[in-house]
>>> print(open('structure_27.tsv').read())   # TSV, C-alpha atoms
chain	number	residue	atom	x	y	z
A	1	MET	CA	125.32	206.69	69.15
A	2	ASN	CA	126.05	210.14	70.61
A	3	ARG	CA	122.51	210.27	71.99
A	4	LEU	CA	123.03	206.87	73.59
A	5	LEU	CA	126.31	207.91	75.25
A	6	SER	CA	124.71	211.09	76.53
A	7	SER	CA	121.79	209.19	77.94
A	8	CYS	CA	124.06	206.70	79.66
A	9	PHE	CA	126.29	209.48	81.09
A	10	PHE	CA	123.51	211.45	82.76
A	11	SER	CA	121.63	208.36	83.90
A	12	ASN	CA	124.69	207.35	85.95
A	13	PRO	CA	124.44	209.17	89.36
A	14	PHE	CA	128.19	208.96	90.04
A	15	LEU	CA	129.21	210.42	86.70
A	16	LYS	CA	126.56	213.10	86.98
A	17	SER	CA	127.83	214.19	90.45
A	18	LEU	CA	131.42	214.14	89.23
A	19	PHE	CA	130.56	216.34	86.23
A	20	ILE	CA	128.69	218.88	88.41
A	21	GLY	CA	131.59	219.00	90.89
A	22	ILE	CA	134.14	219.69	88.15
A	23	GLY	CA	131.91	222.43	86.82
A	24	PHE	CA	131.73	224.20	90.20
A	25	THR	CA	135.51	223.90	90.58
A	26	ILE	CA	136.08	225.57	87.22
A	27	ILE	CA	133.64	228.38	88.06
A	28	LEU	CA	135.29	229.01	91.43
A	29	GLY	CA	138.71	228.99	89.77
A	30	LEU	CA	137.61	231.60	87.24
A	31	SER	CA	136.14	233.75	90.01
A	32	ALA	CA	139.40	233.63	91.94
A	33	CYS	CA	141.26	234.77	88.81
A	34	GLY	CA	138.95	237.72	88.33
A	35	GLY	CA	136.36	236.24	86.01
A	36	GLU	CA	136.41	237.26	82.39
A	37	GLY	CA	139.97	238.49	82.04
A	38	GLU	CA	139.78	240.88	85.02
A	39	LYS	CA	142.99	241.26	87.02
A	40	GLU	CA	143.27	242.16	90.64
A	41	GLU	CA	144.97	245.55	91.00
A	42	VAL	CA	148.38	245.15	92.62
A	43	PRO	CA	149.15	247.84	95.24
A	44	LEU	CA	152.10	250.08	94.46
A	45	SER	CA	155.30	249.40	96.36
A	46	GLU	CA	156.45	252.06	98.81
A	47	LEU	CA	159.13	253.37	96.42
A	48	ALA	CA	156.62	253.42	93.56
A	49	GLN	CA	154.31	255.50	95.75
A	50	VAL	CA	157.17	257.88	96.46
A	51	GLU	CA	157.81	258.23	92.72
A	52	GLU	CA	154.13	258.97	92.11
A	53	PHE	CA	154.19	261.76	94.71
A	54	TRP	CA	157.42	263.07	93.16
A	55	LYS	CA	155.94	263.15	89.65
A	56	LYS	CA	152.98	265.12	91.00
A	57	LYS	CA	155.43	267.49	92.74
A	58	ASP	CA	153.95	266.52	96.09
A	59	PHE	CA	157.32	266.73	97.83
A	60	GLU	CA	155.89	266.75	101.34
A	61	ASN	CA	154.37	263.27	101.01
A	62	ALA	CA	157.25	262.00	98.87
A	63	ASN	CA	159.85	263.00	101.48
A	64	LYS	CA	157.75	261.78	104.39
A	65	LEU	CA	157.18	258.31	102.93
A	66	LEU	CA	160.77	257.97	101.69
A	67	LYS	CA	162.22	259.01	105.05
A	68	ALA	CA	160.23	256.27	106.79
A	69	TYR	CA	161.28	253.74	104.16
A	70	LEU	CA	164.98	254.63	104.49
A	71	GLU	CA	164.83	254.38	108.27
A	72	ALA	CA	163.73	250.77	107.80
A	73	ASN	CA	165.99	250.14	104.77
A	74	PRO	CA	169.07	252.38	105.19
A	75	THR	CA	171.20	250.52	102.61
A	76	ASP	CA	168.64	250.38	99.79
A	77	ILE	CA	170.52	251.97	96.86
A	78	GLU	CA	167.39	252.61	94.80
A	79	ALA	CA	165.84	254.50	97.70
A	80	ILE	CA	169.01	256.54	98.25
A	81	LEU	CA	169.12	257.37	94.53
A	82	LEU	CA	165.49	258.45	94.63
A	83	GLU	CA	166.16	260.61	97.68
A	84	ALA	CA	169.01	262.41	95.91
A	85	LYS	CA	166.88	262.97	92.80
A	86	ILE	CA	164.02	264.44	94.82
A	87	PHE	CA	166.40	266.75	96.69
A	88	ILE	CA	167.84	267.92	93.35
A	89	THR	CA	164.34	268.66	92.05
A	90	GLN	CA	163.63	270.69	95.18
A	91	GLY	CA	166.86	272.66	94.83
A	92	ARG	CA	168.23	271.11	98.03
A	93	SER	CA	171.70	270.64	96.57
A	94	LYS	CA	173.59	270.10	99.83
A	95	ASP	CA	171.10	267.43	100.93
A	96	ALA	CA	171.35	265.78	97.50
A	97	LEU	CA	175.14	265.74	97.83
A	98	LYS	CA	174.89	264.02	101.22
A	99	SER	CA	172.54	261.41	99.77
A	100	ALA	CA	174.85	260.74	96.81
A	101	GLU	CA	177.87	260.41	99.09
A	102	LYS	CA	175.94	258.06	101.39
A	103	GLY	CA	175.11	255.87	98.41
A	104	LEU	CA	178.66	255.93	97.07
A	105	GLU	CA	179.96	254.61	100.38
A	106	LEU	CA	177.88	251.50	99.64
A	107	GLU	CA	178.51	251.38	95.87
A	108	PRO	CA	181.56	253.49	94.87
A	109	GLU	CA	181.21	252.53	91.18
A	110	ASN	CA	177.52	253.43	90.82
A	111	ALA	CA	177.30	255.64	87.71
A	112	ASN	CA	173.96	257.20	88.63
A	113	LEU	CA	175.20	258.23	92.06
A	114	LEU	CA	178.38	259.70	90.54
A	115	ALA	CA	176.18	261.66	88.12
A	116	LEU	CA	174.00	262.98	90.95
A	117	LYS	CA	177.09	263.99	92.91
A	118	GLY	CA	178.27	265.94	89.86
A	119	ARG	CA	174.85	267.57	89.55
A	120	SER	CA	174.90	268.54	93.22
A	121	TYR	CA	178.32	270.17	92.85
A	122	TYR	CA	177.06	272.09	89.81
A	123	PHE	CA	174.25	273.65	91.83
A	124	VAL	CA	176.63	274.86	94.53
A	125	SER	CA	178.88	276.38	91.80
A	126	ARG	CA	181.74	273.94	92.30
A	127	PHE	CA	182.18	273.39	88.58
A	128	ASP	CA	185.54	271.58	88.62
A	129	GLU	CA	184.11	268.88	90.90
A	130	ALA	CA	180.90	268.83	88.85
A	131	LEU	CA	182.87	268.12	85.68
A	132	ASP	CA	185.05	265.54	87.41
A	133	PHE	CA	182.18	263.43	88.78
A	134	SER	CA	180.11	263.81	85.60
A	135	ARG	CA	183.02	262.46	83.55
A	136	GLN	CA	183.54	259.64	86.04
A	137	ALA	CA	179.88	258.71	85.63
A	138	LEU	CA	180.17	258.63	81.84
A	139	LYS	CA	183.19	256.33	82.05
A	140	LYS	CA	181.03	253.89	84.00
A	141	ASP	CA	177.97	254.31	81.76
A	142	PRO	CA	178.12	256.56	78.65
A	143	LYS	CA	174.35	256.34	78.15
A	144	ILE	CA	173.30	258.32	81.24
A	145	ALA	CA	171.79	261.68	80.27
A	146	LEU	CA	172.46	263.66	83.46
A	147	PRO	CA	176.27	264.00	83.13
A	148	TYR	CA	175.88	265.35	79.58
A	149	LEU	CA	173.43	267.94	80.90
A	150	VAL	CA	175.88	269.10	83.58
A	151	ILE	CA	178.84	269.25	81.19
A	152	GLY	CA	176.73	271.07	78.59
A	153	GLU	CA	175.60	273.63	81.14
A	154	ILE	CA	179.16	274.30	82.24
A	155	PHE	CA	180.33	274.69	78.64
A	156	LEU	CA	177.49	277.16	78.05
A	157	ARG	CA	178.58	279.17	81.10
A	158	GLN	CA	182.11	279.20	79.70
A	159	GLY	CA	180.88	280.57	76.37
A	160	LYS	CA	181.62	277.33	74.50
A	161	ARG	CA	178.30	277.33	72.63
A	162	GLU	CA	179.02	274.81	69.92
A	163	GLN	CA	180.53	272.35	72.38
A	164	SER	CA	177.59	272.93	74.69
A	165	ILE	CA	175.08	272.20	71.91
A	166	THR	CA	176.91	269.00	70.94
A	167	VAL	CA	176.98	267.69	74.51
A	168	LEU	CA	173.39	268.70	75.30
A	169	LYS	CA	172.20	266.86	72.19
A	170	GLU	CA	173.76	263.74	73.73
A	171	ALA	CA	171.71	264.34	76.88
A	172	VAL	CA	168.51	264.59	74.82
A	173	LYS	CA	169.48	261.55	72.75
A	174	ASN	CA	169.90	259.42	75.87
A	175	ASP	CA	166.78	260.76	77.58
A	176	PRO	CA	164.28	262.39	75.18
A	177	GLN	CA	161.93	263.06	78.10
A	178	MET	CA	164.42	265.12	80.12
A	179	VAL	CA	162.81	268.56	80.15
A	180	GLU	CA	165.88	270.20	81.70
A	181	ALA	CA	168.08	268.99	78.84
A	182	LEU	CA	165.58	270.09	76.17
A	183	ASN	CA	165.29	273.51	77.78
A	184	LYS	CA	169.04	273.99	78.28
A	185	LEU	CA	169.70	272.92	74.68
A	186	SER	CA	167.18	275.53	73.55
A	187	SER	CA	169.01	278.16	75.65
A	188	ALA	CA	172.27	277.30	73.88
A	189	LEU	CA	170.54	277.54	70.49
A	190	ILE	CA	168.95	280.87	71.45
A	191	LYS	CA	172.40	282.23	72.28
A	192	SER	CA	173.50	281.04	68.83
A	193	LYS	CA	170.43	282.84	67.34
A	194	ASP	CA	169.01	279.59	65.99
A	195	PHE	CA	165.49	280.41	67.18
A	196	GLN	CA	163.57	278.04	64.91
A	197	THR	CA	165.50	274.97	66.05
A	198	ALA	CA	165.21	276.11	69.65
A	199	LYS	CA	161.44	276.34	69.24
A	200	GLY	CA	161.31	272.72	68.11
A	201	TYR	CA	163.03	271.47	71.26
A	202	LEU	CA	160.89	273.73	73.46
A	203	GLU	CA	157.69	272.41	71.91
A	204	LYS	CA	158.83	268.89	72.84
A	205	ALA	CA	159.55	270.07	76.39
A	206	ILE	CA	156.21	271.85	76.87
A	207	ALA	CA	154.38	268.73	75.66
A	208	ILE	CA	156.06	266.79	78.48
A	209	ASP	CA	155.64	269.42	81.23
A	210	LYS	CA	153.50	272.48	80.58
A	211	GLU	CA	154.11	273.65	84.14
A	212	ASP	CA	157.84	274.20	83.72
A	213	ALA	CA	158.47	277.92	84.21
A	214	GLY	CA	161.81	277.95	82.40
A	215	VAL	CA	160.37	276.31	79.29
A	216	ASN	CA	157.52	278.84	79.20
A	217	PHE	CA	160.04	281.68	79.61
A	218	ASN	CA	162.19	280.43	76.73
A	219	LEU	CA	159.14	279.90	74.52
A	220	ALA	CA	158.08	283.51	75.14
A	221	LEU	CA	161.60	284.64	74.25
A	222	VAL	CA	161.71	282.54	71.05
A	223	TYR	CA	158.27	283.61	69.83
A	224	ASN	CA	159.23	287.22	70.46
A	225	LYS	CA	162.39	286.76	68.37
A	226	LEU	CA	160.32	285.11	65.62
A	227	GLY	CA	157.87	288.01	65.57
A	228	ASP	CA	154.86	286.14	66.98
A	229	GLY	CA	153.48	288.58	69.55
A	230	PRO	CA	150.34	286.68	70.68
A	231	ASN	CA	152.23	283.46	71.40
A	232	ALA	CA	155.08	285.39	73.01
A	233	LEU	CA	152.60	287.04	75.40
A	234	LYS	CA	150.81	283.75	76.06
A	235	TYR	CA	153.98	282.04	77.28
A	236	ALA	CA	155.26	285.15	79.07
A	237	ASP	CA	152.03	285.26	81.08
A	238	GLU	CA	152.41	281.60	81.95
A	239	ALA	CA	156.04	282.09	82.98
A	240	VAL	CA	155.04	284.99	85.25
A	241	ARG	CA	152.28	282.88	86.83
A	242	LEU	CA	154.54	279.90	87.45
A	243	TYR	CA	157.43	281.94	88.79
A	244	THR	CA	155.04	283.82	91.08
A	245	GLU	CA	153.89	280.52	92.58
A	246	GLN	CA	157.48	279.53	93.40
A	247	GLU	CA	159.31	280.70	96.47
A	248	ASN	CA	162.39	282.79	95.75
A	249	ALA	CA	161.98	282.32	91.97
A	250	PRO	CA	165.11	283.91	90.48
A	251	TRP	CA	163.55	284.64	87.07
A	252	LYS	CA	160.30	286.25	88.20
A	253	ASN	CA	161.51	289.82	87.60
A	254	GLN	CA	163.01	288.88	84.22
A	255	SER	CA	159.73	287.31	83.10
A	256	LEU	CA	157.81	290.42	84.18
A	257	GLN	CA	160.24	292.61	82.28
A	258	MET	CA	160.00	290.43	79.19
A	259	ARG	CA	156.21	290.57	79.32
A	260	LYS	CA	156.34	294.36	79.45
A	261	VAL	CA	158.67	294.45	76.41
A	262	ILE	CA	156.34	292.15	74.44
A	263	VAL	CA	153.23	294.21	75.25
A	264	GLU	CA	154.95	297.43	74.19
A	265	LYS	CA	156.60	295.95	71.10
A	266	TYR	CA	153.39	294.52	69.66
A	267	ASN	CA	151.10	297.20	71.10
A	268	ILE	CA	148.99	294.55	72.83
A	269	LYS	CA	146.28	295.71	75.21
A	270	SER	CA	146.34	293.67	78.39
>>> encode(input="structure_27.tsv", output="structure tokens")
Amino acid sequence: MNRLLSSCFFSNPFLKSLFIGIGFTIILGLSACGGEGEKEEVPLSELAQVEEFWKKKDFENANKLLKAYLEANPTDIEAILLEAKIFITQGRSKDALKSAEKGLELEPENANLLALKGRSYYFVSRFDEALDFSRQALKKDPKIALPYLVIGEIFLRQGKREQSITVLKEAVKNDPQMVEALNKLSSALIKSKDFQTAKGYLEKAIAIDKEDAGVNFNLALVYNKLGDGPNALKYADEAVRLYTEQENAPWKNQSLQMRKVIVEKYNIKS
């Protein structure tokens, strides 16, 4: 019976042509979809490209592309936020403050912009304003990590170590990938002489960004305190290298001095 149906089907010219046509349509459809499960690569959006440059610390291209984007889209909040973040990373605190204020004119209740304004004030040593805007940000969204970082840093400056540690742990809890928070928490723990716990947070930080000079510096300090000369020297050398590559690096001399202390303490030939 099946053989008979098959014979009848292919002996009919119309049915045969129809079958072949459907087959070609299916093949062309699969080709258009990329064949066997292949997907056409979607180009990154302009803001995604900016973020890629930022992650690679290619600030020249990040700023150039973002500037052009903002000229065409001056009220794009996500772009303004990204601009402020990049300026903060570059240490351009006054420019970051202008970006945050520009964004807040459009969205006065935006928690992320309030947090960035607080961060900007911290970097220009206006700590009362930094605390004020950080706390405003947390009222809008208590799960943002940045305000906790700023408040924790200010507490540490004020000698409130335990309060600083508590607040900085909140920063890490809300953003486990924030290297700044991990490093600052380790600094607070170092001041409290809890070197082993500090090392744990620093190891998390170095796994995220091995090129962070401050993390390398603190690791050298912690390993020195724990009596591990070879690792102390390893991270001291890296801190010196990274600070040397930076313009106006404030901790370059301290890292050189620490390296000298480590070499003499452990009688290491270098």
>>> atom_distance(input="structure_27.tsv", atom1="atom CA of Asp76 of chain A", atom2="atom CA of Glu105 of chain A")
12.1 Å
>>> residues_near_point(input="structure_27.tsv", point="(170.4, 276.1, 75.0)", cutoff="9 Å", atoms="only C-alpha atoms", output="VMD selection string")
chain A and resid 152 to 153 156 161 164 to 165 168 181 to 192 198
>>> axis_aligned_box(input="structure_27.tsv", around="segment 68-86 of chain A", padding_each_side="4 Å", output="JSON")
{"center_x": 165.7, "center_y": 257.3, "center_z": 100.5, "size_x": 19.0, "size_y": 22.3, "size_z": 23.5}
>>> residues_around(input="structure_27.tsv", residues="Gln196 of chain A", least_positions_apart="5", cutoff="12 Å", atoms="all atoms listed in the file", output="ChimeraX atom specification")
/A:186,189-190,201-203,219,221-227
>>> closest_residue(input="structure_27.tsv", among="A:Glu162, A:Glu46, A:Glu78, A:Asp209", to="Glu107 of chain A", atoms="only C-alpha atoms")
A:Glu78
>>> atom_distance(input="structure_27.tsv", atom1="atom CA of Leu70 of chain A", atom2="atom CA of Arg135 of chain A")
28.7 Å
>>> atom_distance(input="structure_27.tsv", atom1="atom CA of Glu245 of chain A", atom2="atom CA of Asn231 of chain A")
21.4 Å
>>> closest_residue(input="structure_27.tsv", among="A:Val263, A:Ile86, A:Ala205, A:Leu81", to="Lys56 of chain A", atoms="all atoms listed in the file")
A:Ile86
>>> residues_near_point(input="structure_27.tsv", point="(158.2, 280.4, 87.7)", cutoff="7 Å", atoms="only C-alpha atoms", output="PDB file with C-alpha atoms, in the coordinates of the input")
ATOM      1  CA  ALA A 213     158.470 277.920  84.210  1.00  0.00           C
ATOM      2  CA  GLY A 214     161.810 277.950  82.400  1.00  0.00           C
ATOM      3  CA  ALA A 239     156.040 282.090  82.980  1.00  0.00           C
ATOM      4  CA  VAL A 240     155.040 284.990  85.250  1.00  0.00           C
ATOM      5  CA  ARG A 241     152.280 282.880  86.830  1.00  0.00           C
ATOM      6  CA  LEU A 242     154.540 279.900  87.450  1.00  0.00           C
ATOM      7  CA  TYR A 243     157.430 281.940  88.790  1.00  0.00           C
ATOM      8  CA  THR A 244     155.040 283.820  91.080  1.00  0.00           C
ATOM      9  CA  GLU A 245     153.890 280.520  92.580  1.00  0.00           C
ATOM     10  CA  GLN A 246     157.480 279.530  93.400  1.00  0.00           C
ATOM     11  CA  ALA A 249     161.980 282.320  91.970  1.00  0.00           C
ATOM     12  CA  TRP A 251     163.550 284.640  87.070  1.00  0.00           C
ATOM     13  CA  LYS A 252     160.300 286.250  88.200  1.00  0.00           C
TER      14      LYS A 252
END
>>> residues_around(input="structure_27.tsv", residues="Gly91 of chain A", least_positions_apart="5", cutoff="12 Å", atoms="all atoms listed in the file", output="list in words")
Phe59, Ala84, Lys85, Ile86, Ala96, Leu97, Arg119, Ser120, Tyr121, Tyr122, Phe123, Val124, Gln246, Glu247, Asn248 and Ala249 of chain A
>>> residues_around(input="structure_27.tsv", residues="Lys139 of chain A", least_positions_apart="4", cutoff="12 Å", atoms="only C-alpha atoms", output="number ranges by chain")
A: 109-112, 114-115, 132-135, 143-144, 147-148
>>> residues_around(input="structure_27.tsv", residues="Lys57 of chain A", least_positions_apart="6", cutoff="10 Å", atoms="all atoms listed in the file", output="PyMOL selection string")
chain A and resi 51+86+89-90
>>> residues_around(input="structure_27.tsv", residues="Ser99 of chain A", least_positions_apart="5", cutoff="10 Å", atoms="only C-alpha atoms", output="compact mmCIF listing (two decimals) with C-alpha atoms, keeping the file's coordinate frame")
# COMPACT_ATOMS: atom_id res chain seq x y z
CA ALA A 79 165.84 254.50 97.70
CA ILE A 80 169.01 256.54 98.25
CA LEU A 81 169.12 257.37 94.53
CA LEU A 82 165.49 258.45 94.63
CA GLU A 83 166.16 260.61 97.68
CA ALA A 84 169.01 262.41 95.91
CA LYS A 85 166.88 262.97 92.80
CA PHE A 87 166.40 266.75 96.69
CA SER A 93 171.70 270.64 96.57
CA LYS A 94 173.59 270.10 99.83
CA LEU A 104 178.66 255.93 97.07
CA LEU A 113 175.20 258.23 92.06
CA LEU A 116 174.00 262.98 90.95
CA LYS A 117 177.09 263.99 92.91
CA SER A 120 174.90 268.54 93.22
>>> closest_residue(input="structure_27.tsv", among="A:Ala207, A:Ala68, A:Ala220, A:Leu138", to="Phe195 of chain A", atoms="all atoms listed in the file")
A:Ala220
>>> decode(input="structure_27.tsv", residues="segment 69-183 of chain A", atoms="C-alpha atoms", output="compact mmCIF listing (two decimals), in the first residue's frame")
# COMPACT_ATOMS: atom_id res chain seq x y z
CA TYR A 69 26.13 60.06 21.03
CA LEU A 70 25.15 62.68 23.62
CA GLU A 71 25.27 65.46 21.04
CA ALA A 72 22.61 63.53 19.12
CA ASN A 73 20.76 62.33 22.26
CA PRO A 74 21.26 65.01 24.94
CA THR A 75 18.43 63.77 27.20
CA ASP A 76 19.35 60.07 27.24
CA ILE A 77 19.63 59.30 30.98
CA GLU A 78 21.55 56.06 30.47
CA ALA A 79 24.15 57.90 28.42
CA ILE A 80 24.45 60.69 31.00
CA LEU A 81 24.86 58.09 33.75
CA LEU A 82 27.56 56.34 31.75
CA GLU A 83 29.33 59.65 31.16
CA ALA A 84 29.41 60.40 34.90
CA LYS A 85 30.71 56.90 35.68
CA ILE A 86 33.52 57.19 33.14
CA PHE A 87 34.51 60.61 34.47
CA ILE A 88 34.61 59.17 38.01
CA THR A 89 36.85 56.33 36.83
CA GLN A 90 39.18 58.86 35.23
CA GLY A 91 39.32 60.96 38.39
CA ARG A 92 37.53 63.84 36.64
CA SER A 93 35.34 64.59 39.64
CA LYS A 94 34.18 68.06 38.61
CA ASP A 95 33.13 66.79 35.17
CA ALA A 96 31.33 63.86 36.82
CA LEU A 97 29.49 66.29 39.09
CA LYS A 98 28.34 68.32 36.08
CA SER A 99 27.10 65.16 34.36
CA ALA A 100 25.19 64.04 37.47
CA GLU A 101 23.60 67.46 37.88
CA LYS A 102 22.64 67.52 34.20
CA GLY A 103 20.93 64.17 34.63
CA LEU A 104 19.17 65.20 37.83
CA GLU A 105 17.62 68.17 36.05
CA LEU A 106 15.86 65.59 33.87
CA GLU A 107 15.19 63.00 36.61
CA PRO A 108 15.49 64.54 40.11
CA GLU A 109 14.57 61.24 41.81
CA ASN A 110 17.10 59.06 39.98
CA ALA A 111 18.93 57.09 42.71
CA ASN A 112 21.97 56.28 40.57
CA LEU A 113 22.51 59.92 39.66
CA LEU A 114 22.15 60.96 43.32
CA ALA A 115 24.76 58.33 44.20
CA LEU A 116 27.15 59.59 41.53
CA LYS A 117 26.68 63.16 42.75
CA GLY A 118 27.60 61.98 46.25
CA ARG A 119 30.65 60.19 44.86
CA SER A 120 31.73 63.30 42.99
CA TYR A 121 31.48 65.42 46.14
CA TYR A 122 33.55 62.84 48.03
CA PHE A 123 36.41 63.18 45.55
CA VAL A 124 36.51 66.96 45.92
CA SER A 125 36.56 66.54 49.74
CA ARG A 126 33.08 67.95 50.30
CA PHE A 127 32.14 65.19 52.71
CA ASP A 128 28.94 66.69 54.14
CA GLU A 129 27.43 66.93 50.65
CA ALA A 130 28.79 63.47 49.81
CA LEU A 131 27.00 61.98 52.81
CA ASP A 132 23.81 63.91 52.09
CA PHE A 133 23.45 62.77 48.47
CA SER A 134 24.56 59.20 49.27
CA ARG A 135 21.84 58.95 51.91
CA GLN A 136 19.30 60.45 49.52
CA ALA A 137 20.23 57.78 46.99
CA LEU A 138 19.75 54.99 49.53
CA LYS A 139 16.30 56.31 50.43
CA LYS A 140 15.34 55.94 46.78
CA ASP A 141 17.04 52.54 46.36
CA PRO A 142 18.71 50.80 49.34
CA LYS A 143 20.30 48.18 47.08
CA ILE A 144 22.76 50.47 45.27
CA ALA A 145 26.35 49.71 46.27
CA LEU A 146 27.97 53.08 45.52
CA PRO A 147 26.41 55.12 48.37
CA TYR A 148 27.53 52.49 50.91
CA LEU A 149 31.07 52.77 49.54
CA VAL A 150 31.08 56.56 49.94
CA ILE A 151 29.62 56.46 53.46
CA GLY A 152 32.05 53.71 54.46
CA GLU A 153 35.01 55.68 53.17
CA ILE A 154 33.95 58.77 55.09
CA PHE A 155 33.48 56.76 58.29
CA LEU A 156 36.97 55.30 57.81
CA ARG A 157 38.40 58.81 57.44
CA GLN A 158 36.63 59.78 60.66
CA GLY A 159 38.19 56.85 62.51
CA LYS A 160 34.87 54.99 62.83
CA ARG A 161 36.35 51.62 61.83
CA GLU A 162 33.62 49.29 62.97
CA GLN A 163 30.90 51.44 61.39
CA SER A 164 32.99 51.67 58.25
CA ILE A 165 33.37 47.87 58.05
CA THR A 166 29.62 47.36 58.54
CA VAL A 167 28.69 49.82 55.80
CA LEU A 168 31.37 48.61 53.36
CA LYS A 169 30.12 45.05 53.77
CA GLU A 170 26.75 46.33 52.54
CA ALA A 171 28.48 47.74 49.45
CA VAL A 172 30.10 44.36 48.75
CA LYS A 173 26.83 42.53 49.43
CA ASN A 174 24.99 44.64 46.87
CA ASP A 175 27.78 44.50 44.29
CA PRO A 176 30.24 41.62 44.84
CA GLN A 177 32.16 42.69 41.72
CA MET A 178 32.90 46.22 42.94
CA VAL A 179 36.69 46.21 43.28
CA GLU A 180 36.74 49.60 45.00
CA ALA A 181 34.43 48.36 47.75
CA LEU A 182 36.41 45.13 48.24
CA ASN A 183 39.65 47.09 48.46
